[in-house]
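Structure file start-v8.txt (compact mmCIF, C-alpha atoms) is printed below.
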# COMPACT_ATOMS: atom_id res chain seq x y z
CA MET A 24 122.80 121.96 108.58
CA THR A 25 121.79 119.32 111.09
CA ARG A 26 118.62 119.53 113.10
CA SER A 27 117.38 117.46 115.92
CA VAL A 28 113.80 117.25 117.07
CA GLU A 29 112.53 117.47 120.64
CA HIS A 30 112.45 114.16 122.54
CA ASP A 31 114.81 112.55 120.05
CA ASP A 32 117.25 111.65 122.82
CA GLU A 33 114.67 109.80 124.90
CA PRO A 34 115.60 106.15 125.46
CA ARG A 35 113.48 103.84 123.34
CA ASN A 36 112.70 100.22 123.38
CA GLU A 37 113.80 98.74 120.04
CA ASP A 38 110.77 96.49 119.83
CA GLU A 39 108.33 99.24 120.78
CA GLY A 40 107.02 99.96 117.32
CA GLY A 41 108.45 97.13 115.24
CA GLU A 42 110.85 97.55 112.32
CA MET A 43 110.32 100.58 110.18
CA LYS A 44 109.94 99.84 106.50
CA ILE A 45 110.73 103.39 105.56
CA LYS A 46 114.03 103.12 107.42
CA GLU A 47 114.99 100.41 104.96
CA VAL A 48 114.30 102.88 102.14
CA LEU A 49 116.61 105.41 103.80
CA THR A 50 119.36 102.84 104.32
CA THR A 51 119.15 101.78 100.66
CA ILE A 52 119.39 105.38 99.43
CA ASN A 53 122.39 106.03 101.67
CA GLN A 54 124.05 102.90 100.34
CA MET A 55 123.54 104.10 96.76
CA GLN A 56 125.07 107.43 97.67
CA ALA A 57 128.04 105.69 99.28
CA ASP A 58 128.43 103.55 96.15
CA GLY A 59 128.57 106.71 94.02
CA ILE A 60 125.40 105.95 92.07
CA ILE A 61 123.71 109.14 93.17
CA ASP A 62 125.39 112.36 94.15
CA ARG A 63 123.15 114.28 96.48
CA TYR A 64 119.64 113.48 97.62
CA ALA A 65 116.86 114.94 99.73
CA ILE A 66 113.41 113.78 100.66
CA GLY A 67 110.52 116.08 99.74
CA ASP A 68 106.74 116.11 99.64
CA ALA A 69 104.66 114.47 102.39
CA VAL A 70 107.43 112.30 103.87
CA GLY A 71 109.73 115.33 103.98
CA ALA A 72 107.02 117.43 105.63
CA THR A 73 106.53 114.72 108.27
CA PHE A 74 109.98 115.60 109.65
CA TYR A 75 108.54 118.99 110.70
CA LEU A 76 104.81 118.39 111.08
CA GLU A 77 102.49 115.62 112.26
CA PRO A 78 102.68 112.43 110.14
CA ILE A 79 101.02 113.05 106.78
CA ALA A 80 99.45 110.02 105.13
CA THR A 81 101.03 109.30 101.78
CA LEU A 82 101.36 106.38 99.44
CA ASP A 83 104.84 107.12 98.07
CA VAL A 84 108.22 108.63 98.85
CA ASP A 85 109.56 111.42 96.63
CA ILE A 86 113.33 111.58 96.60
CA PHE A 87 115.07 114.36 94.71
CA VAL A 88 118.47 113.35 93.41
CA THR A 89 121.32 114.62 91.35
CA PHE A 90 122.91 111.91 89.28
CA ARG A 91 126.61 111.58 88.70
CA PRO A 92 127.34 111.72 84.96
CA GLU A 93 129.24 108.69 83.75
CA PRO A 94 132.80 109.36 82.53
CA GLY A 95 132.79 110.66 78.96
CA GLN A 96 129.02 111.27 79.01
CA LEU A 97 127.37 114.69 78.92
CA LEU A 98 123.88 113.46 79.66
CA VAL A 99 122.96 111.87 82.96
CA SER A 100 120.85 108.75 83.02
CA PRO A 101 118.84 107.15 85.83
CA GLN A 102 119.70 103.72 84.44
CA PRO A 103 122.62 102.99 86.86
CA LEU A 104 120.26 103.81 89.75
CA ILE A 105 117.57 101.49 88.40
CA ASP A 106 120.09 98.71 87.73
CA SER A 107 121.54 99.06 91.21
CA LEU A 108 118.14 98.86 92.90
CA VAL A 109 116.97 95.94 90.79
CA ALA A 110 120.20 94.13 91.71
CA ARG A 111 119.27 94.68 95.37
CA GLY A 112 115.94 92.96 94.83
CA CYS A 113 113.78 96.03 94.28
CA ARG A 114 111.28 96.04 91.42
CA MET A 115 109.82 98.65 89.10
CA GLU A 116 106.13 99.48 88.99
CA GLY A 117 105.35 102.20 86.46
CA GLU A 118 107.36 105.25 87.38
CA TYR A 119 108.06 103.89 90.86
CA LEU A 120 110.79 101.72 92.26
CA ILE A 121 109.48 99.56 95.08
CA ILE A 122 111.86 99.56 98.03
CA ALA A 123 110.73 97.74 101.20
CA ASP A 124 107.10 97.85 100.01
CA TRP A 125 107.27 101.64 99.57
CA PRO A 126 106.86 103.04 96.05
CA VAL A 127 109.76 105.45 95.66
CA GLN A 128 109.94 108.06 92.93
CA PHE A 129 113.32 109.54 92.07
CA LEU A 130 113.02 113.04 90.71
CA PRO A 131 115.63 115.40 89.31
CA PRO A 132 115.55 119.01 90.51
CA LEU A 133 113.66 120.66 87.65
CA THR A 134 113.36 124.20 88.98
CA PRO A 135 115.96 126.55 90.53
CA LEU A 136 113.96 126.41 93.77
CA VAL A 137 114.16 122.63 94.01
CA GLU A 138 117.82 122.77 93.04
CA GLU A 139 118.49 125.16 95.92
CA ALA A 140 116.38 123.01 98.26
CA LEU A 141 118.55 120.04 97.39
CA ILE A 142 121.79 121.94 98.04
CA GLU A 143 120.52 123.34 101.35
CA ALA A 144 118.90 120.11 102.55
CA VAL A 145 118.84 119.48 106.29
CA SER A 146 120.39 116.35 107.81
CA PHE A 147 118.46 114.30 110.34
CA ASP A 148 119.34 111.21 112.26
CA VAL A 149 116.72 108.46 112.11
CA GLU A 150 117.77 105.85 114.65
CA GLY A 151 121.37 106.00 113.44
CA VAL A 152 120.54 106.42 109.74
CA PRO A 153 121.58 109.80 108.35
CA THR A 154 118.79 111.29 106.27
CA HIS A 155 118.65 114.40 104.11
CA VAL A 156 115.39 116.31 103.91
CA PHE A 157 114.36 119.61 102.33
CA SER A 158 114.23 122.43 104.87
CA ALA A 159 110.79 123.41 106.14
CA GLU A 160 111.06 126.77 104.39
CA HIS A 161 111.94 125.15 101.08
CA LEU A 162 109.10 122.65 101.42
CA ALA A 163 106.72 125.55 102.10
CA CYS A 164 108.01 127.51 99.08
CA ILE A 165 107.77 124.44 96.82
CA ALA A 166 104.17 123.97 97.99
CA LEU A 167 103.48 127.63 97.19
CA GLU A 168 105.10 127.28 93.78
CA LEU A 169 103.08 124.15 92.93
CA GLY A 170 99.87 125.75 94.21
CA ARG A 171 97.56 122.72 94.10
CA PRO A 172 94.85 122.57 96.79
CA LYS A 173 96.79 119.93 98.76
CA ASP A 174 99.94 122.09 98.57
CA LYS A 175 98.05 125.09 99.93
CA ALA A 176 96.70 122.93 102.74
CA ARG A 177 100.23 121.81 103.57
CA LEU A 178 101.51 125.36 103.51
CA LEU A 179 98.83 126.25 106.03
CA GLN A 180 99.98 123.33 108.19
CA PHE A 181 103.54 124.68 108.14
CA ILE A 182 102.34 128.15 109.15
CA GLU A 183 100.06 126.78 111.86
CA ALA A 184 102.85 124.61 113.28
CA GLY A 185 105.13 127.65 113.52
CA VAL A 186 108.14 125.82 112.11
CA LEU A 187 109.03 128.37 109.44
CA ALA A 188 111.82 130.86 110.09
CA PRO A 189 110.34 134.14 108.75
CA ALA A 190 113.63 135.71 107.59
CA ARG A 191 114.74 132.55 105.80
CA LEU A 192 111.31 132.13 104.20
CA GLU A 193 111.24 135.73 102.97
CA ALA A 194 114.72 135.37 101.49
CA ILE A 195 113.74 132.24 99.55
CA LEU A 196 110.50 133.85 98.35
CA ALA A 197 112.40 136.89 97.11
CA ARG A 198 115.14 134.84 95.43
CA HIS A 199 112.63 132.79 93.46
CA ASP A 200 110.10 135.52 92.56
CA LEU A 201 107.45 134.04 94.80
CA SER A 202 106.69 137.15 96.87
CA ASP A 203 103.59 138.07 94.82
CA LYS A 204 102.28 134.54 95.05
CA TRP A 205 102.86 134.60 98.80
CA GLN A 206 100.94 137.88 99.14
CA LYS A 207 98.00 136.40 97.22
CA PHE A 208 98.12 133.34 99.47
CA GLU A 209 98.14 135.58 102.54
CA VAL A 210 95.11 137.52 101.28
CA GLN A 211 93.27 134.32 100.42
CA PHE A 212 94.02 132.30 103.54
CA LEU A 213 95.64 134.36 106.29
CA ARG A 214 93.59 137.55 106.20
CA GLY A 215 92.99 138.75 109.72
CA GLU A 216 95.83 136.68 111.13
CA ALA A 217 98.99 138.29 112.44
CA MET B 7 83.43 114.28 124.17
CA THR B 8 81.94 117.60 123.18
CA LEU B 9 79.67 118.91 120.46
CA GLN B 10 81.06 122.46 120.69
CA LEU B 11 82.77 123.24 117.38
CA LEU B 12 85.44 125.45 118.94
CA GLU B 13 86.40 122.80 121.47
CA ILE B 14 86.49 120.13 118.76
CA LEU B 15 88.83 122.27 116.64
CA GLN B 16 91.03 123.01 119.64
CA SER B 17 91.32 119.34 120.56
CA LYS B 18 92.17 118.45 116.96
CA GLN B 19 94.87 121.11 116.94
CA ALA B 20 96.25 119.82 120.24
CA LEU B 21 96.41 116.26 118.86
CA ARG B 22 98.26 117.48 115.78
CA ARG B 23 100.73 119.35 117.98
CA ARG B 24 101.30 116.23 120.09
CA LEU B 25 101.93 114.18 116.96
CA ALA B 26 104.24 116.81 115.48
CA VAL B 27 106.65 116.71 118.44
CA LEU B 28 106.96 112.92 118.46
CA PRO B 29 110.45 111.58 117.74
CA ILE B 30 111.11 111.36 114.00
CA ALA B 31 111.43 107.58 114.06
CA GLU B 32 108.04 107.35 115.73
CA LYS B 33 106.47 109.60 113.10
CA LEU B 34 107.99 107.55 110.29
CA ARG B 35 106.61 104.40 111.90
CA LEU B 36 103.19 106.06 111.88
CA LEU B 37 103.66 106.78 108.17
CA ASP B 38 104.13 103.06 107.59
CA GLU B 39 100.88 102.38 109.45
CA LEU B 40 98.96 105.18 107.72
CA ARG B 41 100.03 103.88 104.34
CA GLU B 42 98.91 100.34 105.16
CA ARG B 43 95.58 101.70 106.39
CA SER B 44 95.09 103.80 103.24
CA GLN B 45 95.81 100.75 101.13
CA SER B 46 93.29 98.58 102.94
CA ILE B 47 90.64 101.33 102.68
CA GLY B 48 91.41 101.57 98.97
CA ILE B 49 91.02 97.83 98.53
CA SER B 50 87.68 97.75 100.36
CA ARG B 51 86.44 100.73 98.28
CA ALA B 52 87.46 98.93 95.11
CA GLN B 53 85.57 95.83 96.23
CA ARG B 54 82.46 97.88 97.01
CA HIS B 55 82.66 99.54 93.60
CA THR B 56 82.83 96.13 91.97
CA ALA B 57 79.67 95.08 93.81
CA VAL B 58 77.82 98.18 92.55
CA GLU B 59 79.00 97.52 89.01
CA TRP B 60 77.76 93.95 89.33
CA VAL B 61 74.28 95.11 90.38
CA ARG B 62 74.19 97.56 87.45
CA GLU B 63 75.05 94.79 85.04
CA TRP B 64 72.57 92.45 86.59
CA CYS B 65 69.70 94.96 86.45
CA PRO B 66 70.32 97.29 83.49
CA HIS B 67 66.61 98.06 82.80
CA SER B 68 63.81 99.47 84.96
CA LEU B 69 61.71 97.09 87.01
CA PRO B 70 58.54 95.69 85.34
CA VAL B 71 55.30 97.64 85.83
CA VAL B 72 52.78 95.80 87.98
CA ALA B 73 49.32 95.62 86.39
CA ARG B 74 46.81 97.75 88.33
CA GLY B 75 44.38 94.91 88.42
CA LEU B 76 46.73 92.92 90.61
CA LEU B 77 46.55 95.41 93.48
CA PRO B 78 43.68 95.10 95.93
CA ALA B 79 41.27 98.04 95.65
CA ILE B 80 42.00 99.26 99.19
CA TYR B 81 45.63 99.99 98.35
CA ARG B 82 44.65 101.78 95.14
CA ARG B 83 42.23 104.03 97.01
CA ALA B 84 44.78 104.82 99.69
CA ASP B 85 46.86 106.75 97.17
CA PHE B 86 44.02 109.19 96.45
CA PRO B 87 42.39 110.01 99.81
CA HIS B 88 40.85 113.32 98.67
CA ARG B 89 39.37 112.36 95.33
CA ALA B 90 36.08 113.97 94.37
CA ALA B 91 34.25 110.78 93.45
CA PRO B 92 31.43 109.94 95.91

Could you quickly redo this structure as structure tokens?
Amino acid sequence: MTRSVEHDDEPRNEDEGGEMKIKEVLTTINQMQADGIIDRYAIGDAVGATFYLEPIATLDVDIFVTFRPEPGQLLVSPQPLIDSLVARGCRMEGEYLIIADWPVQFLPPLTPLVEEALIEAVSFDVEGVPTHVFSAEHLACIALELGRPKDKARLLQFIEAGVLAPARLEAILARHDLSDKWQKFEVQFLRGEA
Amino acid sequence: MTLQLLEILQSKQALRRRLAVLPIAEKLRLLDELRERSQSIGISRAQRHTAVEWVREWCPHSLPVVARGLLPAIYRRADFPHRAAP
């Protein structure tokens, strides 16, 4: 699925906002995918949500990836990814890899919901750089599943922005046994709203 | 500028809507800026915290008690304006 956002076709002056550091992150990830180091990827969390909502301040980029198992190996390892990034001049800081000044965390899909979100990721075009991002509905469901205060706040942002397709959202909620949780959320936060 | 809560909330919502429909590249550029701003706020907070810690280290005990005899009588009386003494 490919989505475009309103005003994306407007002519822009290249120097208008300066070079985007985060674009360098996207280019690097695409290069790793082209090199066969990672299989599929999608951006989640705050940076992912920014593709649908207003920019959300964050200190890191969460990228969900599936790794390609090495020939003859049953277990997958993030080591080739780390080696590849270090060879490109990136450095490690704790659990983060620093790419173009952005701490990037590579995460495997640990739940069926995240796995599905990765498979059904939406493609965007960021000034000529193809980028894969979780769908708005998946981001909302992941936020509901996590259930931390900041996730609930983000879920409210998604609802308020009106970017969620109701049928698609309901289908995901039903598939991943989140309908009860959604009802509780509705009672807690959306009571009185249509 | 208004002090009406409803108007304030509406204008905030309108700003968020305007930001949400910006081109993706523009929003990502704003993310870069927001991150830099968060970092600089974090650094200044850390510096302020250090200053507080320094004061605590420098003055770990309560201030010394000033002997009553050192205060002029007029100031001592001012604290007890309704005392019963003639």

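The shortest atom-to-atom distance to Leu104 in chain A, with all atoms listed in the file taken into account, belongs to A:Thr89 out of A:Ser202, A:Thr89, A:Gln180, A:Thr154.
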
Considering all atoms listed in the file, extract the chain B residues located within 8 Å of chain A and return them as a PDB file with C-alpha atoms, keeping the file's coordinate frame.
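This is the output file iface-v2.pdb:
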ATOM      1  CA  ARG B  22      98.260 117.480 115.780  1.00  0.00           C
ATOM      2  CA  ARG B  23     100.730 119.350 117.980  1.00  0.00           C
ATOM      3  CA  ARG B  24     101.300 116.230 120.090  1.00  0.00           C
ATOM      4  CA  LEU B  25     101.930 114.180 116.960  1.00  0.00           C
ATOM      5  CA  ALA B  26     104.240 116.810 115.480  1.00  0.00           C
ATOM      6  CA  VAL B  27     106.650 116.710 118.440  1.00  0.00           C
ATOM      7  CA  LEU B  28     106.960 112.920 118.460  1.00  0.00           C
ATOM      8  CA  PRO B  29     110.450 111.580 117.740  1.00  0.00           C
ATOM      9  CA  ILE B  30     111.110 111.360 114.000  1.00  0.00           C
ATOM     10  CA  ALA B  31     111.430 107.580 114.060  1.00  0.00           C
ATOM     11  CA  GLU B  32     108.040 107.350 115.730  1.00  0.00           C
ATOM     12  CA  LYS B  33     106.470 109.600 113.100  1.00  0.00           C
ATOM     13  CA  LEU B  34     107.990 107.550 110.290  1.00  0.00           C
ATOM     14  CA  ARG B  35     106.610 104.400 111.900  1.00  0.00           C
ATOM     15  CA  LEU B  36     103.190 106.060 111.880  1.00  0.00           C
ATOM     16  CA  LEU B  37     103.660 106.780 108.170  1.00  0.00           C
ATOM     17  CA  ASP B  38     104.130 103.060 107.590  1.00  0.00           C
ATOM     18  CA  LEU B  40      98.960 105.180 107.720  1.00  0.00           C
ATOM     19  CA  ARG B  41     100.030 103.880 104.340  1.00  0.00           C
ATOM     20  CA  SER B  44      95.090 103.800 103.240  1.00  0.00           C
TER      21      SER B  44
END

Could you work out how far CA of Ala190 in chain A lies from CA of Pro135 in chain A, giving the answer in Å with one decimal?
-> 19.5 Å

Exercise: residues within 12 Å of coordinate (103.6, 106.9, 87.1), counting all atoms listed in the file, as a ChimeraX atom specification = /A:83,115-120,126-130

Hey, can you spit out that residue selection with C-alpha atoms as a PDB file, in the frame of the given file?
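In the end it all went to out-v5.pdb:
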ATOM      1  CA  ASP A  83     104.840 107.120  98.070  1.00  0.00           C
ATOM      2  CA  MET A 115     109.820  98.650  89.100  1.00  0.00           C
ATOM      3  CA  GLU A 116     106.130  99.480  88.990  1.00  0.00           C
ATOM      4  CA  GLY A 117     105.350 102.200  86.460  1.00  0.00           C
ATOM      5  CA  GLU A 118     107.360 105.250  87.380  1.00  0.00           C
ATOM      6  CA  TYR A 119     108.060 103.890  90.860  1.00  0.00           C
ATOM      7  CA  LEU A 120     110.790 101.720  92.260  1.00  0.00           C
ATOM      8  CA  PRO A 126     106.860 103.040  96.050  1.00  0.00           C
ATOM      9  CA  VAL A 127     109.760 105.450  95.660  1.00  0.00           C
ATOM     10  CA  GLN A 128     109.940 108.060  92.930  1.00  0.00           C
ATOM     11  CA  PHE A 129     113.320 109.540  92.070  1.00  0.00           C
ATOM     12  CA  LEU A 130     113.020 113.040  90.710  1.00  0.00           C
TER      13      LEU A 130
END

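As for CA of Thr8 in chain B and CA of Ala176 in chain A, they are spaced 25.8 Å apart.
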
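Interatomic distance, CA of Ala197 in chain A against CA of Glu160 in chain A: 12.5 Å.
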
Some atoms are missing, so please complete range 195-206 of chain A with all heavy atoms and return it as a CSV table (one decimal), in the frame of the given file.
chain,number,residue,atom,x,y,z
A,195,ILE,N,114.0,133.2,100.6
A,195,ILE,CA,113.7,132.2,99.6
A,195,ILE,C,112.7,132.8,98.6
A,195,ILE,O,112.8,132.7,97.4
A,195,ILE,CB,113.4,130.9,100.1
A,195,ILE,CG1,114.5,130.3,101.0
A,195,ILE,CG2,113.1,129.9,99.0
A,195,ILE,CD1,114.1,129.1,101.8
A,196,LEU,N,111.6,133.3,99.2
A,196,LEU,CA,110.5,133.8,98.4
A,196,LEU,C,111.0,134.9,97.4
A,196,LEU,O,110.7,134.9,96.2
A,196,LEU,CB,109.4,134.4,99.2
A,196,LEU,CG,108.6,133.5,100.1
A,196,LEU,CD1,107.7,134.2,101.1
A,196,LEU,CD2,107.7,132.6,99.2
A,197,ALA,N,111.9,135.8,97.9
A,197,ALA,CA,112.4,136.9,97.1
A,197,ALA,C,113.3,136.3,96.0
A,197,ALA,O,113.3,136.8,94.9
A,197,ALA,CB,113.1,137.9,98.0
A,198,ARG,N,114.2,135.4,96.4
A,198,ARG,CA,115.1,134.8,95.4
A,198,ARG,C,114.4,134.2,94.3
A,198,ARG,O,115.0,134.1,93.2
A,198,ARG,CB,116.0,133.8,96.1
A,198,ARG,CG,117.4,134.4,96.6
A,198,ARG,CD,118.4,133.3,96.8
A,198,ARG,NE,118.0,132.2,97.7
A,198,ARG,CZ,118.0,132.2,99.0
A,198,ARG,NH1,118.5,133.3,99.6
A,198,ARG,NH2,117.7,131.2,99.8
A,199,HIS,N,113.3,133.6,94.5
A,199,HIS,CA,112.6,132.8,93.5
A,199,HIS,C,111.3,133.4,92.9
A,199,HIS,O,110.5,132.7,92.4
A,199,HIS,CB,112.4,131.4,94.0
A,199,HIS,CG,113.7,130.7,94.3
A,199,HIS,ND1,114.4,130.1,93.3
A,199,HIS,CD2,114.3,130.5,95.5
A,199,HIS,CE1,115.5,129.5,93.9
A,199,HIS,NE2,115.5,129.8,95.2
A,200,ASP,N,111.2,134.8,93.1
A,200,ASP,CA,110.1,135.5,92.6
A,200,ASP,C,108.8,135.0,93.0
A,200,ASP,O,107.8,134.8,92.2
A,200,ASP,CB,110.1,135.5,91.0
A,200,ASP,CG,111.3,136.4,90.5
A,200,ASP,OD1,111.7,137.3,91.2
A,200,ASP,OD2,111.8,136.0,89.4
A,201,LEU,N,108.7,134.6,94.3
A,201,LEU,CA,107.4,134.0,94.8
A,201,LEU,C,106.7,135.0,95.7
A,201,LEU,O,105.7,134.6,96.3
A,201,LEU,CB,107.7,132.7,95.5
A,201,LEU,CG,108.1,131.5,94.6
A,201,LEU,CD1,108.7,130.4,95.5
A,201,LEU,CD2,106.9,131.1,93.8
A,202,SER,N,107.3,136.2,95.9
A,202,SER,CA,106.7,137.2,96.9
A,202,SER,C,105.2,137.5,96.5
A,202,SER,O,104.4,137.6,97.4
A,202,SER,CB,107.5,138.4,97.0
A,202,SER,OG,108.8,138.1,97.4
A,203,ASP,N,105.0,137.7,95.2
A,203,ASP,CA,103.6,138.1,94.8
A,203,ASP,C,102.6,136.9,95.1
A,203,ASP,O,101.5,137.1,95.6
A,203,ASP,CB,103.5,138.4,93.3
A,203,ASP,CG,104.1,139.7,93.0
A,203,ASP,OD1,104.4,140.5,94.0
A,203,ASP,OD2,104.4,140.0,91.8
A,204,LYS,N,103.1,135.7,94.8
A,204,LYS,CA,102.3,134.5,95.0
A,204,LYS,C,102.0,134.4,96.5
A,204,LYS,O,100.9,134.0,96.9
A,204,LYS,CB,103.0,133.3,94.5
A,204,LYS,CG,102.1,132.4,93.7
A,204,LYS,CD,102.9,131.3,93.1
A,204,LYS,CE,102.0,130.4,92.3
A,204,LYS,NZ,102.6,129.3,91.6
A,205,TRP,N,103.0,134.7,97.4
A,205,TRP,CA,102.9,134.6,98.8
A,205,TRP,C,101.8,135.6,99.3
A,205,TRP,O,101.0,135.3,100.1
A,205,TRP,CB,104.2,134.8,99.5
A,205,TRP,CG,104.1,134.9,101.0
A,205,TRP,CD1,104.1,136.0,101.8
A,205,TRP,CD2,104.0,133.8,101.9
A,205,TRP,NE1,104.0,135.7,103.1
A,205,TRP,CE2,103.9,134.3,103.2
A,205,TRP,CE3,103.9,132.4,101.7
A,205,TRP,CZ2,103.7,133.5,104.3
A,205,TRP,CZ3,103.7,131.6,102.8
A,205,TRP,CH2,103.7,132.1,104.1
A,206,GLN,N,101.9,136.8,98.7
A,206,GLN,CA,100.9,137.9,99.1
A,206,GLN,C,99.5,137.5,98.8
A,206,GLN,O,98.6,137.7,99.6
A,206,GLN,CB,101.3,139.2,98.5
A,206,GLN,CG,102.3,140.0,99.2
A,206,GLN,CD,102.9,141.2,98.5
A,206,GLN,OE1,102.4,141.6,97.5
A,206,GLN,NE2,103.9,141.8,99.1
